[in-house]
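Participant: The following file, final07.txt, comprises compact mmCIF, C-alpha atoms:
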# COMPACT_ATOMS: atom_id res chain seq x y z
CA HIS B 1 108.11 130.11 57.03
CA GLU B 2 111.22 130.54 54.91
CA THR B 3 112.57 133.35 57.10
CA LEU B 4 112.19 131.44 60.34
CA ILE B 5 113.83 128.37 58.81
CA ALA B 6 116.69 130.46 57.42
CA LEU B 7 117.21 132.05 60.85
CA SER B 8 117.69 128.58 62.33
CA ALA B 9 121.10 128.45 60.61
CA ASN B 10 120.53 124.70 60.32
CA LYS B 11 121.71 123.66 56.86
CA TYR B 12 119.81 120.36 57.02
CA LEU B 13 116.55 122.10 57.92
CA VAL B 14 117.03 124.76 55.23
CA GLU B 15 117.71 122.15 52.54
CA SER B 16 114.86 119.94 53.72
CA TYR B 17 112.39 122.81 53.62
CA ARG B 18 113.66 123.90 50.21
CA THR B 19 112.88 120.37 48.98
CA ILE B 20 109.26 120.48 50.18
CA SER B 21 108.46 124.20 49.92
CA THR B 22 106.58 123.90 46.62
CA LYS B 23 104.38 121.18 48.11
CA VAL B 24 103.81 123.26 51.24
CA ARG B 25 102.67 126.21 49.10
CA ALA B 26 100.35 123.96 47.10
CA LEU B 27 98.77 122.60 50.26
CA ARG B 28 98.50 126.09 51.76
CA SER B 29 96.53 127.18 48.69
CA ARG B 30 93.84 124.63 49.63
CA LEU B 31 93.21 126.23 53.02
CA PRO B 32 89.98 128.19 53.42
CA GLN B 33 90.47 131.89 52.73
CA ASN B 34 88.16 133.21 55.42
CA HIS B 35 89.03 136.14 57.65
CA ALA B 36 88.85 134.28 60.97
CA ARG B 37 91.17 131.49 59.85
CA ILE B 38 93.69 133.91 58.41
CA GLU B 39 93.64 136.09 61.55
CA GLY B 40 94.19 132.99 63.69
CA ALA B 41 97.12 131.87 61.54
CA ILE B 42 98.70 135.32 61.69
CA ALA B 43 98.30 135.40 65.47
CA GLN B 44 99.93 131.99 65.76
CA HIS B 45 102.82 133.05 63.54
CA ARG B 46 103.31 136.17 65.70
CA ARG B 47 103.39 134.04 68.88
CA ILE B 48 106.06 131.85 67.32
CA ILE B 49 108.17 134.85 66.29
CA ASP B 50 107.75 136.50 69.70
CA LEU B 51 108.85 133.31 71.48
CA VAL B 52 111.90 132.96 69.23
CA ALA B 53 112.76 136.63 69.75
CA VAL B 54 112.92 136.23 73.53
CA GLY B 55 114.86 132.97 73.36
CA LYS B 56 112.06 130.62 74.36
CA ALA B 57 112.92 127.96 71.81
CA GLU B 58 111.08 125.10 73.52
CA LEU B 59 107.84 127.09 73.74
CA ALA B 60 108.30 128.21 70.13
CA ALA B 61 108.77 124.58 69.07
CA ALA B 62 105.59 123.61 70.93
CA GLU B 63 103.70 126.42 69.18
CA ILE B 64 105.08 125.32 65.80
CA THR B 65 103.95 121.76 66.53
CA SER B 66 100.50 123.06 67.39
CA HIS B 67 100.44 125.12 64.21
CA VAL B 68 101.40 122.17 62.02
CA ARG B 69 98.76 119.97 63.67
CA ASN B 70 96.10 122.67 63.22
CA VAL B 71 96.92 123.03 59.52
CA ARG B 72 97.01 119.25 59.05
CA THR B 73 93.60 118.88 60.67
CA LEU B 74 92.19 121.67 58.53
CA LEU B 75 93.65 120.21 55.34
CA LEU B 76 92.19 116.82 56.19
CA SER B 77 88.78 118.43 56.56
CA VAL B 78 88.89 120.28 53.22
CA THR B 79 90.64 117.87 50.88
CA THR B 80 89.25 114.85 49.15
CA GLY B 81 92.68 113.27 49.50
CA GLY B 82 92.43 113.35 53.28
CA MET B 83 92.99 109.63 53.50
CA ALA B 84 96.41 110.02 51.89
CA LEU B 85 97.35 112.70 54.41
CA LYS B 86 96.17 110.52 57.29
CA ALA B 87 98.28 107.63 56.06
CA ALA B 88 101.34 109.87 55.77
CA GLY B 89 100.96 111.43 59.20
Would you mind writing the structure in this file as structure tokens?
Facilitator:
Amino acid sequence: HETLIALSANKYLVESYRTISTKVRALRSRLPQNHARIEGAIAQHRRIIDLVAVGKAELAAAEITSHVRNVRTLLLSVTTGGMALKAAG
């Protein structure tokens, strides 16, 4: 995540992510650690990188949006604080 954000060369995005990165890591630690989920996440990250590499920024952004929604849905299903996440999203 940090590398892709740094490559954006967008100072606002870099600073914003730096502000929330500890919270992102904490939430990521709550995700299930099963092989299928991890393989799926890696595949999605690779698609994002591949799209960025060939200059397809809009498709990469759509894939990032999908990724964030997938993770949000998964976090809502595994956390007891799901109601707080729903209210924030």
Participant: Rounded to one decimal, what separation in Å do you get between CA of Glu63 in chain B and CA of Arg46 in chain B?
Facilitator: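 Taking CA of Glu63 in chain B and CA of Arg46 in chain B, their separation equals 10.4 Å.
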Participant: Calculated over all atoms listed in the file, which of the candidates B:Leu13, B:Val78, B:Ala53, B:Leu7 has the smallest distance to Arg28 in chain B?
Facilitator: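 Of all the options, B:Val78 lies closest to Arg28 in chain B.
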Participant: Taking only C-alpha atoms into account, name the residue in B:Gln44, B:Ser16, B:Ser66, B:Thr73 that is nearest to Glu2 in chain B.
Facilitator: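 Among the listed residues, B:Ser16 lies closest to Glu2 in chain B.
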Participant: To one decimal place in Å, what is the distance between CA of Asn10 in chain B and CA of Arg69 in chain B?
Facilitator: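 Pair CA of Asn10 in chain B / CA of Arg69 in chain B returns 22.5 Å.
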Participant: I'd like the interatomic distance between CA of Pro32 in chain B and CA of Tyr17 in chain B, to a tenth of an Å.
Facilitator: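 Atom-to-atom, CA of Pro32 in chain B to CA of Tyr17 in chain B, that is 23.0 Å.
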Participant: Would you mind telling me which residue in B:Val68, B:Ile20, B:Ala60, B:Leu27 lies nearest to Arg47 in chain B when using all atoms listed in the file?
Facilitator: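 Using all atoms listed in the file, the shortest distance to Arg47 in chain B belongs to B:Ala60.
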Participant: In terms of the shortest atom-to-atom distance over only C-alpha atoms, which of B:Asn70, B:Ser8, B:Thr22, B:Thr79 is closest to Ala41 in chain B?
Facilitator: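 Checking each of B:Asn70, B:Ser8, B:Thr22, B:Thr79 against Ala41 in chain B, counting only C-alpha atoms, the winner is B:Asn70.
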Participant: Which is closer to Ile48 in chain B than all the others in B:His1, B:Arg30, B:His35, B:Arg18, using all atoms listed in the file?
Facilitator: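 Looking at the shortest contact to Ile48 in chain B, the residue is B:His1.
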